[in-house]
Amino acid sequence: MRGFARRHTVAAALEWLDAQLRPLDAEMVPLGVASGRVLASAVTSDVDVPGFDRSTMDGYAVVAAGTEGAGAYNRVSLTVIGDSMPGRPFEGAIRLGEAVRVMTGAPIPRGADAVLPAEFVEEGTEGPAEAGHYESGHYVISATASVSPGKNVGRVGEDIARGAQILERGRVLRPQDLGVLSSVGHGQIGVVRRPRVRLVVTGNELLPAGSRPEGVHIADANGPMLAALIERDGGVVEFPGLVRDDRQAILDALNADADVIIVSGGSSVGVEDLAPMLVAEHGELAVHGIAMRPSSPTGLGRIGHRLVFLLPGNPVSSLCAYDFFAGRAIRALGGRDKAWPYRSIRATLKRKISSPIGRLDYARVKLVDGLVDPISVGGASVLSSTTRADGFVIVGDDSEGWAEGTEVDVWLYA
C-alpha cells in the first residue's frame, strides 16, 4: 500500500475532463417518446400555423362594415347563407349584409373579415337550419353589436410563420414542445443520443442492493444511488450486477460496450484497488487523487473511446465524485448543460465551517429557521448525512472556510 504521490486540484481535474466532452451523435426518435430528450439541431418551420384564416370564437363570419351602428337598440339584420365548421369550410363567398355561422377554429369564408360573437346575435323565430343543410333557404339574424375588421379572426401564420425557428439546438424537449413540433408536421425528431453508461460496483463485502446486511457483509448502496443519478442526468444505465474484486472481472467490465464506465469502489491505492492499475495499463489514467473532501481517491481516464470514472466506495464520496465529474460528463455527452442540476439559494451560516487551504470541502447542511446549519464535512461513509441534509455548501480550495453569520451559496438536493 502507498499514498498518493500528488493530489490534483478540482479545477485541474475539470479542465482535463471538459477537454474530452463533446455531445454524442444524433438519432431520430418518434415524437411520442421525445419528451425530456435534447434537440440535436434547431427546428425551422416550413409551414404557416394556422395555414388559413380561422375563427377564434363561435359566432358568425361577416363583412365588418355590415355591422356598423348595430347595438342593443339598433339591431342590424344579416342573412345567414351557410356554415363553416372545423375541417368542413363554407365553399362560397359572402357579401355585405350576409353572414356564415362559424365554430371556433373553422376557416373564415372568402369575403368575410370579422366574426360576430354568438352572444351579440339574436336569431329569428325560425332559428338556424341544421348545420350544413340550407336547402329550404336562408334565415335572418339580428346583430346587437358591431365588430371591426379583423376582430376574432386568427390570421395565417399567427401562431408560427413559415421560415421561423421554433426550437433551438440543445433544448430539453417539454410536452408543449412536442405539440408545436407536431403542429408543423414533425412525426419524429433528431435528438442527441443518450450516453450508455456501464455501472461497475465492486467489493467482495457487498451483497445485492436491498439485501439484509449479515455479519461482515453490507448491502450495496452505491448501485441504486448511482443508477438513479445517471438516469436523472440523461444516461442509459447498464448494471448487470456486482463485480467481484478480481482483475479479469474488472477488466471485462472496463471494456464494456458503452460511452462511459463508472467504477464504484476499489479506486484508491490499496492492495485490492485494481481499477486504477487496469485503466493505466489499458488506457490513460489522467487523474488519480484529488484535493477534495470527501472523494479524494477519485480517478478520471479513458480506455479507447470510453470515459472512465473511478469513484470511491464510501457512499458520500461516491455521490460527491459523481456530481463533480461523472454526472457532468454524462450531461455534456447527452447535449445537456454541464452545470449541476441543483437549485441554489443564498443563506446565512448558523455555525462556522472550517476548511484547510488547498482542499475543496463538500459540507452537508440543513436549513433551520432560514439559517444554514452544517451537519458534516467529513464522514464519507455516513450516507444518512445526505438524507438528513437539505443540500450542500462548497468551500473552495482557496478558502479556510466561513465564520458564523456569513452568507453562502447552498445547493439544494431537491
# chains A, B, ... in the order shown; residues from 1 in each chain; ligands from 1

call {"tool": "residues_around", "arguments": {"residues": "Ile81 of chain A", "least_positions_apart": "3", "cutoff": "7 Å", "atoms": "only C-alpha atoms", "output": "list in words"}}
result
Glu98, Ala99, Val100 and His138 of chain A

call {"tool": "write_last_selection", "arguments": {"atoms": "C-alpha atoms", "output": "tab-separated table (two decimals), in the first residue's frame"}}
result
chain	number	residue	atom	x	y	z
A	98	GLU	CA	-74.60	38.34	-45.26
A	99	ALA	CA	-73.19	36.01	-42.61
A	100	VAL	CA	-71.92	32.45	-42.27
A	138	HIS	CA	-81.55	31.17	-45.78

call {"tool": "residues_around", "arguments": {"residues": "segment 239-249 of chain A", "least_positions_apart": "5", "cutoff": "9 Å", "atoms": "only C-alpha atoms", "output": "ChimeraX atom specification"}}
result
/A:197-208,220,223,227,254,266,272-275,278

call {"tool": "write_last_selection", "arguments": {"atoms": "C-alpha atoms", "output": "tab-separated table (two decimals), in the first residue's frame"}}
result
chain	number	residue	atom	x	y	z
A	197	VAL	CA	-23.21	4.09	-19.00
A	198	ARG	CA	-21.80	0.82	-17.63
A	199	LEU	CA	-22.00	0.89	-13.85
A	200	VAL	CA	-19.34	-1.27	-12.19
A	201	VAL	CA	-19.85	-1.71	-8.44
A	202	THR	CA	-17.02	-3.72	-6.89
A	203	GLY	CA	-16.37	-5.18	-3.47
A	204	ASN	CA	-16.27	-8.72	-2.08
A	205	GLU	CA	-18.01	-7.44	1.03
A	206	LEU	CA	-21.11	-6.34	-0.89
A	207	LEU	CA	-24.50	-8.02	-1.06
A	208	PRO	CA	-27.01	-7.15	-3.80
A	220	ASP	CA	-24.86	-2.29	-1.97
A	223	GLY	CA	-25.57	0.86	-7.17
A	227	ALA	CA	-28.16	4.35	-11.30
A	254	LEU	CA	-13.99	-1.74	-18.16
A	266	GLY	CA	-11.51	-0.06	-5.47
A	272	GLU	CA	-7.32	-4.71	-3.79
A	273	ASP	CA	-7.72	-1.38	-5.62
A	274	LEU	CA	-7.32	-2.91	-9.06
A	275	ALA	CA	-9.27	-0.47	-11.25
A	278	LEU	CA	-6.06	-1.58	-15.08

call {"tool": "residues_around", "arguments": {"residues": "segment 389-397 of chain A", "least_positions_apart": "5", "cutoff": "9 Å", "atoms": "only C-alpha atoms", "output": "number ranges by chain"}}
result
A: 9-10, 291-292, 344, 353-367, 374-375, 384, 402, 408-414

call {"tool": "residues_around", "arguments": {"residues": "Ala40 of chain A", "least_positions_apart": "5", "cutoff": "8 Å", "atoms": "only C-alpha atoms", "output": "ChimeraX atom specification"}}
result
/A:26,169-170,190-192,335

call {"tool": "select_by_dssp", "arguments": {"residues": "segment 175-277 of chain A", "states": "alpha helix (DSSP H)", "output": "ChimeraX atom specification"}}
result
/A:175-183,222-232,247-254,275-277

call {"tool": "atom_distance", "arguments": {"atom1": "atom CA of Val38 of chain A", "atom2": "atom CA of Arg174 of chain A"}}
result
9.8 Å

call {"tool": "select_by_dssp", "arguments": {"residues": "segment 24-213 of chain A", "states": "strand (DSSP E)", "output": "ChimeraX atom specification"}}
result
/A:26-30,43-44,54-55,59-62,76-84,98-102,114-117,121-123,139-143,153-154,165-167,188-192,196-201,206-207

call {"tool": "write_last_selection", "arguments": {"atoms": "C-alpha atoms", "output": "CSV table (one decimal), in the first residue's frame"}}
result
chain,number,residue,atom,x,y,z
A,26,ALA,CA,-27.9,12.5,-33.2
A,27,GLU,CA,-30.6,9.9,-33.6
A,28,MET,CA,-34.2,10.1,-34.8
A,29,VAL,CA,-37.0,9.2,-32.4
A,30,PRO,CA,-40.8,9.2,-32.7
A,43,VAL,CA,-36.0,23.3,-35.9
A,44,THR,CA,-37.4,25.8,-38.5
A,54,ARG,CA,-59.7,30.9,-38.8
A,55,SER,CA,-62.3,32.0,-36.3
A,59,GLY,CA,-70.4,33.1,-33.9
A,60,TYR,CA,-70.9,34.4,-37.5
A,61,ALA,CA,-68.4,35.4,-40.1
A,62,VAL,CA,-69.4,38.8,-41.5
A,76,VAL,CA,-78.9,45.2,-37.8
A,77,SER,CA,-80.3,42.3,-39.9
A,78,LEU,CA,-77.9,39.8,-41.6
A,79,THR,CA,-78.8,36.9,-43.8
A,80,VAL,CA,-77.2,33.6,-42.9
A,81,ILE,CA,-76.2,31.8,-46.1
A,82,GLY,CA,-74.4,28.7,-44.7
A,83,ASP,CA,-72.0,27.5,-42.1
A,84,SER,CA,-68.3,26.8,-41.7
A,98,GLU,CA,-74.6,38.3,-45.3
A,99,ALA,CA,-73.2,36.0,-42.6
A,100,VAL,CA,-71.9,32.4,-42.3
A,101,ARG,CA,-72.2,30.6,-39.0
A,102,VAL,CA,-68.7,29.5,-37.8
A,114,ALA,CA,-64.5,39.6,-38.9
A,115,VAL,CA,-66.5,37.3,-36.6
A,116,LEU,CA,-69.5,38.5,-34.7
A,117,PRO,CA,-69.7,36.5,-31.4
A,121,VAL,CA,-76.7,37.8,-32.1
A,122,GLU,CA,-80.5,37.3,-31.9
A,123,GLU,CA,-81.8,34.5,-34.1
A,139,TYR,CA,-82.6,32.7,-42.5
A,140,VAL,CA,-82.1,36.1,-40.8
A,141,ILE,CA,-80.3,37.1,-37.6
A,142,SER,CA,-80.0,40.4,-35.8
A,143,ALA,CA,-76.7,41.8,-34.8
A,153,VAL,CA,-60.0,36.3,-36.7
A,154,GLY,CA,-56.8,34.3,-36.4
A,165,GLN,CA,-37.1,29.0,-36.0
A,166,ILE,CA,-39.4,27.4,-33.4
A,167,LEU,CA,-36.9,25.5,-31.2
A,188,GLN,CA,-40.1,12.2,-35.5
A,189,ILE,CA,-37.3,14.4,-34.4
A,190,GLY,CA,-33.5,14.4,-34.2
A,191,VAL,CA,-32.2,14.3,-30.6
A,192,VAL,CA,-28.8,13.8,-29.1
A,196,ARG,CA,-24.7,4.5,-22.5
A,197,VAL,CA,-23.2,4.1,-19.0
A,198,ARG,CA,-21.8,0.8,-17.6
A,199,LEU,CA,-22.0,0.9,-13.9
A,200,VAL,CA,-19.3,-1.3,-12.2
A,201,VAL,CA,-19.9,-1.7,-8.4
A,206,LEU,CA,-21.1,-6.3,-0.9
A,207,LEU,CA,-24.5,-8.0,-1.1

call {"tool": "residues_around", "arguments": {"residues": "Ala329 of chain A", "least_positions_apart": "6", "cutoff": "8 Å", "atoms": "only C-alpha atoms", "output": "VMD selection string"}}
result
chain A and resid 17 to 18 21 338

call {"tool": "decode", "arguments": {"residues": "segment 345-358 of chain A", "atoms": "N, CA and C atoms", "output": "PDB file, in the first residue's frame"}}
result
ATOM      1  N   ILE A 345     -29.553  28.692  -3.443  1.00  0.00           N
ATOM      2  CA  ILE A 345     -30.062  29.865  -2.743  1.00  0.00           C
ATOM      3  C   ILE A 345     -28.914  30.482  -1.942  1.00  0.00           C
ATOM      4  N   ARG A 346     -29.085  31.731  -1.540  1.00  0.00           N
ATOM      5  CA  ARG A 346     -28.144  32.392  -0.635  1.00  0.00           C
ATOM      6  C   ARG A 346     -28.757  32.403   0.756  1.00  0.00           C
ATOM      7  N   ALA A 347     -27.982  31.983   1.734  1.00  0.00           N
ATOM      8  CA  ALA A 347     -28.485  31.953   3.114  1.00  0.00           C
ATOM      9  C   ALA A 347     -27.308  32.141   4.061  1.00  0.00           C
ATOM     10  N   THR A 348     -27.629  32.402   5.331  1.00  0.00           N
ATOM     11  CA  THR A 348     -26.623  32.769   6.333  1.00  0.00           C
ATOM     12  C   THR A 348     -26.255  31.576   7.202  1.00  0.00           C
ATOM     13  N   LEU A 349     -24.942  31.415   7.467  1.00  0.00           N
ATOM     14  CA  LEU A 349     -24.459  30.313   8.287  1.00  0.00           C
ATOM     15  C   LEU A 349     -24.852  30.487   9.752  1.00  0.00           C
ATOM     16  N   LYS A 350     -25.382  29.415  10.321  1.00  0.00           N
ATOM     17  CA  LYS A 350     -25.708  29.394  11.750  1.00  0.00           C
ATOM     18  C   LYS A 350     -24.460  29.120  12.580  1.00  0.00           C
ATOM     19  N   ARG A 351     -23.574  28.280  12.021  1.00  0.00           N
ATOM     20  CA  ARG A 351     -22.303  27.950  12.676  1.00  0.00           C
ATOM     21  C   ARG A 351     -21.189  28.000  11.635  1.00  0.00           C
ATOM     22  N   LYS A 352     -19.947  28.143  12.096  1.00  0.00           N
ATOM     23  CA  LYS A 352     -18.825  28.259  11.163  1.00  0.00           C
ATOM     24  C   LYS A 352     -18.540  26.929  10.470  1.00  0.00           C
ATOM     25  N   ILE A 353     -17.916  27.012   9.301  1.00  0.00           N
ATOM     26  CA  ILE A 353     -17.383  25.848   8.591  1.00  0.00           C
ATOM     27  C   ILE A 353     -15.894  26.085   8.410  1.00  0.00           C
ATOM     28  N   SER A 354     -15.065  25.149   8.905  1.00  0.00           N
ATOM     29  CA  SER A 354     -13.615  25.274   8.790  1.00  0.00           C
ATOM     30  C   SER A 354     -13.108  24.349   7.698  1.00  0.00           C
ATOM     31  N   SER A 355     -12.067  24.809   6.990  1.00  0.00           N
ATOM     32  CA  SER A 355     -11.502  24.026   5.897  1.00  0.00           C
ATOM     33  C   SER A 355     -10.074  24.488   5.665  1.00  0.00           C
ATOM     34  N   PRO A 356      -9.142  23.557   5.380  1.00  0.00           N
ATOM     35  CA  PRO A 356      -7.752  23.975   5.146  1.00  0.00           C
ATOM     36  C   PRO A 356      -7.562  24.528   3.739  1.00  0.00           C
ATOM     37  N   ILE A 357      -6.653  25.456   3.608  1.00  0.00           N
ATOM     38  CA  ILE A 357      -6.264  25.953   2.281  1.00  0.00           C
ATOM     39  C   ILE A 357      -5.692  24.785   1.473  1.00  0.00           C
ATOM     40  N   GLY A 358      -6.063  24.722   0.202  1.00  0.00           N
ATOM     41  CA  GLY A 358      -5.523  23.683  -0.664  1.00  0.00           C
ATOM     42  C   GLY A 358      -6.425  22.484  -0.842  1.00  0.00           C
TER      43      GLY A 358
END
